[in-house]
Protein chains: 2
Amino acid sequence: MTEGFAFSVRHTCGRARCGAISTPHGSVKTPAFMPVGTRAAVKGLTPAQVEDTNTQIVLANTYHLMLRPGAETVAQAGGLHAFMAWDRPILTDSGGFQVFSLADLRQIDDNGVAFRSHIDGAPVKLTPESSIEVQNLLGADIIMAFDECPPLPTQADTLRTAVRRTVAWARRCRAAHRRADQALYGIVQCGLDVGLRRECLEQLLETGFDGYALGGLSVGEPPLEMRAFLDEFAHELPADQPRYLMGVGTPADLVAAVASGIDQFDCVLPTRNGRKAYAYTSAGILRLRNARHRAAREPLDPACGCYTCRRFSRAYLRHLFMSGEVLGATLVSLHNITFYQSLMRQMRAALEAGTFATWRETFSASPACRPHEEDE
Amino acid sequence: MTEGFAFSVRHTCGRARCGAISTPHGSVKTPAFMPVGTRAAVKGLTPAQVEDTNTQIVLANTYHLMLRPGAETVAQAGGLHAFMAWDRPILTDSGGFQVFSLADLRQIDDNGVAFRSHIDGAPVKLTPESSIEVQNLLGADIIMAFDECPPLPTQADTLRTAVRRTVAWARRCRAAHRRADQALYGIVQCGLDVGLRRECLEQLLETGFDGYALGGLSVGEPPLEMRAFLDEFAHELPADQPRYLMGVGTPADLVAAVASGIDQFDCVLPTRNGRKAYAYTSAGILRLRNARHRAAREPLDPACGCYTCRRFSRAYLRHLFMSGEVLGATLVSLHNITFYQSLMRQMRAALEAGTFATWRETFSASPACRPHEEDE
């Protein structure tokens, strides 16, 4: 048993479900979206602003934090919650995905990964044991097993090797984990082959984890293939434990994944798009740099109650981006995360009310699912 | 009479005084510091965060806003207060200083200044009439006469020409001003020659303005020369009207200028230094990039009650700067403006209590006046 950690499903609707994860830093209603605070900060937002978006839990990155400022520094500061002044739950990923997407000169063997830091080129090694040691020092409520995450599409034998290593590494992570107050999730790898995923899951179940994540998705494959895979496989993850789809996705992806039975998500889209002047709204994605917003007095989304929509016009937000004022990125990121959290809340409410199927149909037909407006 | 505008001195202590400026958007206790919102945004801060620093009034720049987004756009948005969502008083400068410091290929004659936009090289002309027209459209509570501002040191005849033009332009500004709800300040130019300044002031007084500013200081001359000049001249500005020292300065500059009889200030230092990881504290200026702050758990200034000091350690703020996270600039700018506003409040309190002279001695001997800590 992990101290202070529990998961309960309260309502289901087909394969979709809503419930709650208890953690030492409070409860998280599911399905839940986790904004990304890569370097112990959700880009451009204070923790108070992140709280204002109705965010329940954030994600931070083991890979980045072990390189800078270093896990010992964070531990000396009283752990990640104290360091970044975020009192609500935190999840750290294992560094696996970043090692495979950011680091240079990787050398992978069964022991782990040797690479060069993307900051200063210094040689670093990450193993299941060291990933867990770092995550124990960081002190998040939920930590992740160290996995191998090859980009898609790839060769069948690469996938097979990745699955074998991911399972072996997960077992070593479980053995290395030293803190009873941190839940440890296993990561099911990889690709869109249900047989291989099933094999991976079965072996992870033998070890036993507090939750199960799907890794290696949204890494190059077409969205519709990902959704078809989720429909086929997500419900095979244990029903009484949290199911976490890593690094996903668009609003439409989230709705499809919830329908397949997923409970947790993280994604950089709302903040990354916020920095690029793209705003999610109930009428579709706005591109604020477009000249049509030059004198627009209306807020980003009249249906939204966030600080940005209560106080600022599209014209002003456009002006900030055109002038290179970082406040634009802050205000639109704040709005975009609020939009995502509002979407999650709508899904939870529909699941509680037993109306998720109807809600989903209405959502899928709405302009919120359209691609963003064209560049001018 | 300018509608809704008034100034009263409540207490004096030598030449220093405290009082209040009434404006259509509320009252400003003086001496007052105005953070700079060049492009209708105090860099990196939301209006709510600026309010949290106890800022009473902000400055915005006519030059920048006329080029982008354009005065008409701001007027269509309901004016600058609505556009930037700042309900408290605003002052706009005339564009004079920016034309002389930023624009390319200036051609100055008695009519005005022709230049090329620093944004796209487009030819633009700024005259006393067009500066006031733009400021009437922007709608700030206090607007400034268009002046010529040569950098120091310079030739005597350049200064003399600048004074002649500044006086003539101020008269044309007064005549062009169309809004009874905006106070118009005259600007006394230029240099450190008291005789020339006196001549300029006398001619401005013939026209008559709602307040008087000292321009052309802190533009290259040594700080001690500026302070000596202020000691000799500031008290000659009308005693029953606000006295505004433009573009100044360090905490020690502000204290010296208040002692000379100045009521209003604007300066980019707290935000510019905030972006560069320099933090003003009661123990002196910290350079957060220094390695000594790597594991420092204390706040920037234990004596400060701002959000940054209540929630974050120096170690975390240093981490944000070392990682290139813009949140660092936001948090330290927020702290630095709070520090400046706290300094102004201390001066107002000492003036009200009749203890300004003692307060000033204590402040001048304190570490807050030291140069910033050395780079490592």
# chains A, B, ... in the order shown; residues from 1 in each chain; ligands from 1

$ interface_residues --of "chain A" --to "chain B" --cutoff "8 Å" --atoms "only C-alpha atoms" --output "number ranges by chain"
A: 39, 41, 43-46, 68-69, 73, 76-77, 83-85, 294-295, 297, 311-313, 315-316, 319-320, 323, 325-327

$ calpha_fit_and_write --fixed "chain A" --moving "chain B" --output "short mmCIF file (atom, residue, chain, number, x, y, z; two decimals) with C-alpha atoms, in the first residue's frame"
data_model
loop_
_atom_site.label_atom_id
_atom_site.label_comp_id
_atom_site.auth_asym_id
_atom_site.auth_seq_id
_atom_site.Cartn_x
_atom_site.Cartn_y
_atom_site.Cartn_z
CA MET B 1 0.02 0.04 0.05
CA THR B 2 1.15 3.49 -0.84
CA GLU B 3 0.43 5.90 2.00
CA GLY B 4 -2.26 8.47 1.30
CA PHE B 5 -2.88 7.16 -2.21
CA ALA B 6 -6.19 5.73 -3.39
CA PHE B 7 -8.35 5.65 -6.47
CA SER B 8 -12.06 5.19 -6.76
CA VAL B 9 -14.38 5.14 -9.73
CA ARG B 10 -17.69 6.86 -8.95
CA HIS B 11 -19.60 6.71 -12.24
CA THR B 12 -19.16 4.97 -15.56
CA CYS B 13 -20.71 5.55 -18.93
CA GLY B 14 -19.69 2.87 -21.40
CA ARG B 15 -15.93 2.60 -20.93
CA ALA B 16 -15.63 6.19 -19.72
CA ARG B 17 -15.50 6.77 -16.01
CA CYS B 18 -15.14 9.54 -13.45
CA GLY B 19 -13.72 9.22 -9.99
CA ALA B 20 -11.00 10.58 -7.75
CA ILE B 21 -7.34 9.97 -6.93
CA SER B 22 -6.36 10.69 -3.32
CA THR B 23 -2.78 11.84 -2.76
CA PRO B 24 -0.85 13.25 0.21
CA HIS B 25 -1.42 16.74 -1.26
CA GLY B 26 -5.14 16.39 -1.82
CA SER B 27 -7.64 14.80 -4.09
CA VAL B 28 -7.74 14.89 -7.91
CA LYS B 29 -11.08 14.48 -9.63
CA THR B 30 -10.77 12.34 -12.75
CA PRO B 31 -10.69 12.51 -15.68
CA ALA B 32 -7.95 15.05 -14.95
CA PHE B 33 -5.68 17.18 -17.12
CA MET B 34 -2.17 18.01 -15.86
CA PRO B 35 -0.51 21.16 -17.27
CA VAL B 36 3.21 20.72 -17.84
CA GLY B 37 5.72 22.47 -15.58
CA THR B 38 8.83 21.07 -17.23
CA ARG B 39 11.38 22.96 -15.15
CA ALA B 40 9.25 23.27 -12.00
CA ALA B 41 7.24 26.14 -13.53
CA VAL B 42 4.22 26.11 -15.80
CA LYS B 43 5.65 28.43 -18.44
CA GLY B 44 4.79 32.07 -17.82
CA LEU B 45 2.36 31.45 -14.97
CA THR B 46 2.66 31.87 -11.22
CA PRO B 47 1.32 29.00 -9.08
CA ALA B 48 -1.52 31.34 -8.07
CA GLN B 49 -2.43 31.80 -11.74
CA VAL B 50 -2.25 28.03 -12.33
CA GLU B 51 -4.61 27.53 -9.38
CA ASP B 52 -6.98 30.05 -10.96
CA THR B 53 -7.29 27.78 -14.02
CA ASN B 54 -8.82 25.10 -11.74
CA THR B 55 -5.78 22.90 -12.19
CA GLN B 56 -5.68 20.10 -9.62
CA ILE B 57 -2.28 18.56 -10.39
CA VAL B 58 0.76 19.52 -12.47
CA LEU B 59 3.54 17.51 -14.09
CA ALA B 60 7.26 18.25 -13.77
CA ASN B 61 10.19 16.66 -15.60
CA THR B 62 12.80 14.49 -13.91
CA TYR B 63 15.18 14.82 -16.85
CA HIS B 64 15.24 18.64 -16.75
CA LEU B 65 15.32 18.95 -12.98
CA MET B 66 18.11 16.41 -12.47
CA LEU B 67 20.26 18.45 -14.87
CA ARG B 68 19.24 21.83 -13.42
CA PRO B 69 19.03 22.72 -10.57
CA GLY B 70 19.76 19.09 -9.55
CA ALA B 71 17.62 16.78 -7.42
CA GLU B 72 19.68 17.45 -4.28
CA THR B 73 19.01 21.18 -4.56
CA VAL B 74 15.28 20.56 -4.83
CA ALA B 75 15.41 18.13 -1.89
CA GLN B 76 17.32 20.70 0.20
CA ALA B 77 14.58 23.21 -0.61
CA GLY B 78 12.07 20.85 1.02
CA GLY B 79 11.09 19.00 -2.16
CA LEU B 80 9.34 20.03 -5.33
CA HIS B 81 6.13 21.27 -3.69
CA ALA B 82 8.03 23.73 -1.50
CA PHE B 83 10.56 24.58 -4.23
CA MET B 84 7.97 25.61 -6.81
CA ALA B 85 5.40 26.78 -4.22
CA TRP B 86 2.70 24.42 -5.49
CA ASP B 87 0.71 22.87 -2.63
CA ARG B 88 -1.48 20.61 -4.74
CA PRO B 89 -0.50 17.20 -6.16
CA ILE B 90 2.46 16.82 -8.52
CA LEU B 91 3.46 14.00 -10.88
CA THR B 92 7.00 13.62 -12.15
CA ASP B 93 7.75 11.65 -15.25
CA SER B 94 10.76 9.37 -15.26
CA GLY B 95 12.96 11.16 -17.76
CA GLY B 96 12.56 8.34 -20.26
CA PHE B 97 10.71 10.33 -22.89
CA GLN B 98 13.06 13.36 -22.62
CA VAL B 99 16.20 11.22 -22.84
CA PHE B 100 14.88 9.83 -26.11
CA SER B 101 13.63 13.15 -27.50
CA LEU B 102 16.13 15.75 -26.21
CA ALA B 103 19.48 14.27 -25.24
CA ASP B 104 22.39 13.93 -27.64
CA LEU B 105 24.54 10.89 -28.33
CA ARG B 106 22.42 8.38 -26.51
CA GLN B 107 23.80 4.94 -25.82
CA ILE B 108 21.14 2.52 -24.66
CA ASP B 109 21.80 -0.86 -23.15
CA ASP B 110 19.94 -3.09 -20.77
CA ASN B 111 21.36 -1.21 -17.81
CA GLY B 112 20.07 2.22 -18.83
CA VAL B 113 20.86 5.20 -21.04
CA ALA B 114 24.10 7.17 -21.27
CA PHE B 115 23.74 10.56 -22.94
CA ARG B 116 25.05 14.08 -23.06
CA SER B 117 23.14 16.87 -21.34
CA HIS B 118 21.35 19.15 -23.81
CA ILE B 119 22.45 22.06 -21.60
CA ASP B 120 26.22 21.73 -21.45
CA GLY B 121 27.09 18.45 -23.17
CA ALA B 122 28.17 16.84 -19.88
CA PRO B 123 27.93 13.02 -19.86
CA VAL B 124 25.01 11.75 -17.78
CA LYS B 125 23.66 8.30 -17.11
CA LEU B 126 20.06 7.49 -16.32
CA THR B 127 19.03 4.05 -15.11
CA PRO B 128 15.81 2.77 -13.54
CA GLU B 129 17.48 3.08 -10.15
CA SER B 130 18.80 6.62 -10.67
CA SER B 131 15.48 7.82 -12.14
CA ILE B 132 13.68 6.60 -9.02
CA GLU B 133 16.35 8.03 -6.74
CA VAL B 134 15.90 11.43 -8.40
CA GLN B 135 12.11 11.16 -8.19
CA ASN B 136 12.35 10.15 -4.51
CA LEU B 137 14.40 13.31 -3.92
CA LEU B 138 11.98 15.51 -5.89
CA GLY B 139 9.12 14.14 -3.82
CA ALA B 140 6.13 14.27 -6.21
CA ASP B 141 2.91 12.52 -5.17
CA ILE B 142 3.01 10.28 -8.22
CA ILE B 143 6.22 9.10 -9.89
CA MET B 144 6.73 7.12 -13.08
CA ALA B 145 8.77 4.04 -13.96
CA PHE B 146 11.71 4.62 -16.30
CA ASP B 147 10.84 3.32 -19.77
CA GLU B 148 12.22 3.12 -23.28
CA CYS B 149 10.18 5.22 -25.67
CA PRO B 150 11.09 4.81 -29.37
CA PRO B 151 9.49 7.22 -31.87
CA LEU B 152 6.81 5.88 -34.23
CA PRO B 153 6.81 4.40 -36.81
CA THR B 154 9.68 2.03 -36.08
CA GLN B 155 10.83 -1.56 -36.71
CA ALA B 156 9.06 -4.48 -35.03
CA ASP B 157 12.22 -5.68 -33.30
CA THR B 158 12.93 -2.19 -31.94
CA LEU B 159 9.46 -2.24 -30.38
CA ARG B 160 10.02 -5.72 -28.99
CA THR B 161 13.34 -4.75 -27.41
CA ALA B 162 11.74 -1.59 -25.98
CA VAL B 163 8.96 -3.63 -24.40
CA ARG B 164 11.42 -6.12 -22.92
CA ARG B 165 13.55 -3.32 -21.46
CA THR B 166 10.53 -1.33 -20.25
CA VAL B 167 9.27 -4.36 -18.33
CA ALA B 168 12.66 -5.18 -16.81
CA TRP B 169 13.28 -1.53 -15.93
CA ALA B 170 9.82 -1.20 -14.36
CA ARG B 171 10.63 -4.15 -12.09
CA ARG B 172 13.92 -2.50 -11.08
CA CYS B 173 12.08 0.79 -10.47
CA ARG B 174 9.64 -0.94 -8.15
CA ALA B 175 12.56 -2.48 -6.24
CA ALA B 176 14.47 0.81 -6.05
CA HIS B 177 11.50 2.89 -4.86
CA ARG B 178 12.14 4.05 -1.27
CA ARG B 179 9.26 6.32 -0.36
CA ALA B 180 5.94 4.92 0.84
CA ASP B 181 4.27 8.32 0.34
CA GLN B 182 4.79 8.38 -3.44
CA ALA B 183 2.62 6.34 -5.79
CA LEU B 184 4.54 4.60 -8.59
CA TYR B 185 2.91 4.09 -11.99
CA GLY B 186 4.09 1.57 -14.56
CA ILE B 187 4.25 2.56 -18.22
CA VAL B 188 2.89 0.29 -20.91
CA GLN B 189 4.97 0.59 -24.09
CA CYS B 190 4.93 0.79 -27.09
CA GLY B 191 3.55 1.28 -30.60
CA LEU B 192 0.07 0.51 -31.88
CA ASP B 193 0.34 -3.29 -31.74
CA VAL B 194 -2.28 -4.43 -29.24
CA GLY B 195 -0.69 -7.86 -28.86
CA LEU B 196 2.65 -6.36 -27.84
CA ARG B 197 0.98 -3.85 -25.49
CA ARG B 198 -1.01 -6.64 -23.87
CA GLU B 199 2.18 -8.63 -23.34
CA CYS B 200 3.84 -5.57 -21.76
CA LEU B 201 0.85 -4.93 -19.50
CA GLU B 202 0.65 -8.54 -18.31
CA GLN B 203 4.27 -8.47 -17.20
CA LEU B 204 3.85 -5.09 -15.47
CA LEU B 205 0.84 -6.46 -13.60
CA GLU B 206 3.01 -9.23 -12.20
CA THR B 207 5.17 -6.59 -10.56
CA GLY B 208 2.22 -4.43 -9.54
CA PHE B 209 1.92 -0.64 -9.68
CA ASP B 210 -0.35 2.06 -8.24
CA GLY B 211 -1.50 3.10 -11.69
CA TYR B 212 -0.80 2.33 -15.33
CA ALA B 213 0.21 4.73 -18.05
CA LEU B 214 0.21 4.43 -21.82
CA GLY B 215 3.49 5.81 -23.11
CA GLY B 216 4.78 6.07 -26.63
CA LEU B 217 1.60 7.54 -28.11
CA SER B 218 1.21 10.88 -29.84
CA VAL B 219 4.84 10.45 -30.97
CA GLY B 220 4.31 10.65 -34.71
CA GLU B 221 1.40 8.35 -35.54
CA PRO B 222 -1.84 9.76 -37.08
CA PRO B 223 -4.37 10.84 -34.38
CA LEU B 224 -7.09 8.56 -35.74
CA GLU B 225 -4.80 5.52 -35.42
CA MET B 226 -4.07 6.47 -31.83
CA ARG B 227 -7.78 6.80 -31.07
CA ALA B 228 -8.56 3.42 -32.68
CA PHE B 229 -5.80 1.84 -30.61
CA LEU B 230 -7.16 3.42 -27.40
CA ASP B 231 -10.66 2.19 -28.18
CA GLU B 232 -9.31 -1.31 -28.51
CA PHE B 233 -6.87 -1.37 -25.62
CA ALA B 234 -7.35 1.29 -22.91
CA HIS B 235 -10.11 -0.64 -21.16
CA GLU B 236 -7.75 -3.58 -20.64
CA LEU B 237 -5.77 -1.53 -18.12
CA PRO B 238 -6.92 -2.42 -14.56
CA ALA B 239 -10.36 -0.95 -13.92
CA ASP B 240 -9.68 -0.16 -10.26
CA GLN B 241 -6.51 1.84 -10.85
CA PRO B 242 -5.82 5.17 -12.58
CA ARG B 243 -5.12 5.03 -16.31
CA TYR B 244 -2.84 7.78 -17.59
CA LEU B 245 -2.34 8.63 -21.25
CA MET B 246 1.01 10.43 -21.49
CA GLY B 247 1.61 13.52 -23.60
CA VAL B 248 -1.91 13.74 -25.08
CA GLY B 249 -3.41 15.89 -26.59
CA THR B 250 -5.90 18.08 -28.44
CA PRO B 251 -9.36 18.66 -26.92
CA ALA B 252 -10.79 16.11 -29.38
CA ASP B 253 -8.05 13.60 -28.38
CA LEU B 254 -8.94 14.03 -24.70
CA VAL B 255 -12.63 13.43 -25.28
CA ALA B 256 -11.96 10.33 -27.37
CA ALA B 257 -9.51 9.00 -24.79
CA VAL B 258 -11.91 9.56 -21.89
CA ALA B 259 -14.54 7.66 -23.90
CA SER B 260 -12.00 4.81 -24.14
CA GLY B 261 -11.55 4.76 -20.37
CA ILE B 262 -8.57 7.05 -19.67
CA ASP B 263 -8.42 9.03 -16.38
CA GLN B 264 -5.32 11.25 -16.56
CA PHE B 265 -3.57 13.36 -19.19
CA ASP B 266 -0.67 15.75 -19.55
CA CYS B 267 0.16 17.90 -22.54
CA VAL B 268 2.13 21.03 -23.45
CA LEU B 269 -0.43 22.13 -26.06
CA PRO B 270 -2.35 24.75 -24.03
CA THR B 271 0.84 26.53 -22.92
CA ARG B 272 2.85 26.02 -26.11
CA ASN B 273 -0.04 27.27 -28.23
CA GLY B 274 -0.62 30.07 -25.75
CA ARG B 275 2.94 31.26 -26.33
CA LYS B 276 2.32 31.12 -30.08
CA ALA B 277 -0.82 33.28 -29.83
CA TYR B 278 -3.28 30.45 -30.48
CA ALA B 279 -6.31 30.51 -28.18
CA TYR B 280 -8.71 27.61 -27.62
CA THR B 281 -12.32 28.80 -27.58
CA SER B 282 -15.79 27.30 -27.77
CA ALA B 283 -15.92 28.75 -31.30
CA GLY B 284 -12.66 27.12 -32.39
CA ILE B 285 -8.98 27.99 -32.17
CA LEU B 286 -8.18 31.67 -32.72
CA ARG B 287 -4.92 32.84 -34.23
CA LEU B 288 -4.45 36.17 -32.50
CA ARG B 289 -1.86 37.45 -34.94
CA ASN B 290 -4.51 37.55 -37.66
CA ALA B 291 -5.38 41.12 -38.64
CA ARG B 292 -9.10 40.45 -38.14
CA HIS B 293 -8.52 40.72 -34.38
CA ARG B 294 -6.87 44.14 -34.64
CA ALA B 295 -9.81 46.10 -33.24
CA ALA B 296 -11.86 43.24 -31.74
CA ARG B 297 -13.29 44.36 -28.42
CA GLU B 298 -14.70 40.97 -27.43
CA PRO B 299 -12.85 38.57 -25.14
CA LEU B 300 -11.23 35.38 -26.42
CA ASP B 301 -14.30 33.39 -25.42
CA PRO B 302 -17.47 35.03 -24.06
CA ALA B 303 -18.31 31.64 -22.48
CA CYS B 304 -15.09 31.66 -20.42
CA GLY B 305 -14.78 33.17 -16.94
CA CYS B 306 -10.97 33.27 -16.69
CA TYR B 307 -9.07 36.45 -15.77
CA THR B 308 -8.00 36.94 -19.39
CA CYS B 309 -11.57 36.75 -20.69
CA ARG B 310 -12.97 38.87 -17.86
CA ARG B 311 -10.52 41.72 -18.40
CA PHE B 312 -8.95 41.81 -21.88
CA SER B 313 -10.06 42.22 -25.49
CA ARG B 314 -8.72 40.22 -28.41
CA ALA B 315 -7.35 43.52 -29.74
CA TYR B 316 -5.23 44.03 -26.63
CA LEU B 317 -3.97 40.43 -26.60
CA ARG B 318 -3.09 40.71 -30.29
CA HIS B 319 -1.25 43.97 -29.54
CA LEU B 320 0.83 42.21 -26.85
CA PHE B 321 1.93 39.48 -29.30
CA MET B 322 2.60 41.93 -32.14
CA SER B 323 4.69 44.01 -29.71
CA GLY B 324 6.62 41.05 -28.31
CA GLU B 325 5.24 41.58 -24.79
CA VAL B 326 5.47 38.28 -22.84
CA LEU B 327 2.28 39.21 -21.01
CA GLY B 328 0.44 37.96 -24.10
CA ALA B 329 1.86 34.44 -23.62
CA THR B 330 0.93 34.54 -19.93
CA LEU B 331 -2.65 35.67 -20.54
CA VAL B 332 -3.39 33.26 -23.39
CA SER B 333 -1.70 30.31 -21.60
CA LEU B 334 -3.85 31.10 -18.57
CA HIS B 335 -6.94 31.08 -20.77
CA ASN B 336 -5.96 27.91 -22.65
CA ILE B 337 -5.37 25.89 -19.48
CA THR B 338 -8.69 27.19 -18.14
CA PHE B 339 -10.30 25.99 -21.38
CA TYR B 340 -8.76 22.54 -20.95
CA GLN B 341 -9.82 22.34 -17.31
CA SER B 342 -13.32 23.47 -18.22
CA LEU B 343 -13.45 20.68 -20.82
CA MET B 344 -12.42 18.12 -18.18
CA ARG B 345 -15.02 19.48 -15.78
CA GLN B 346 -17.72 19.23 -18.44
CA MET B 347 -16.75 15.60 -19.03
CA ARG B 348 -16.80 14.82 -15.30
CA ALA B 349 -20.21 16.48 -14.94
CA ALA B 350 -21.62 14.56 -17.93
CA LEU B 351 -20.23 11.30 -16.53
CA GLU B 352 -21.80 11.99 -13.15
CA ALA B 353 -25.11 12.88 -14.77
CA GLY B 354 -24.98 9.83 -17.02
CA THR B 355 -25.14 12.02 -20.12
CA PHE B 356 -21.59 11.58 -21.42
CA ALA B 357 -22.60 9.96 -24.72
CA THR B 358 -24.91 12.85 -25.63
CA TRP B 359 -22.43 15.41 -24.38
CA ARG B 360 -19.74 13.83 -26.55
CA GLU B 361 -21.90 13.99 -29.68
CA THR B 362 -22.65 17.66 -29.08
CA PHE B 363 -18.99 18.41 -28.43
CA SER B 364 -17.79 16.54 -31.53
CA ALA B 365 -20.14 18.58 -33.72
CA SER B 366 -19.13 21.88 -32.09
CA PRO B 367 -16.69 24.42 -33.54
CA ALA B 368 -14.34 23.76 -30.59
CA CYS B 369 -13.18 20.68 -32.54
CA ARG B 370 -12.32 22.59 -35.69
CA PRO B 371 -8.72 23.13 -36.75
CA HIS B 372 -7.46 26.62 -35.94
CA GLU B 373 -8.34 29.55 -38.15
CA GLU B 374 -6.12 29.98 -41.14
CA ASP B 375 -3.06 32.16 -41.12
CA GLU B 376 -3.46 35.37 -43.05
#
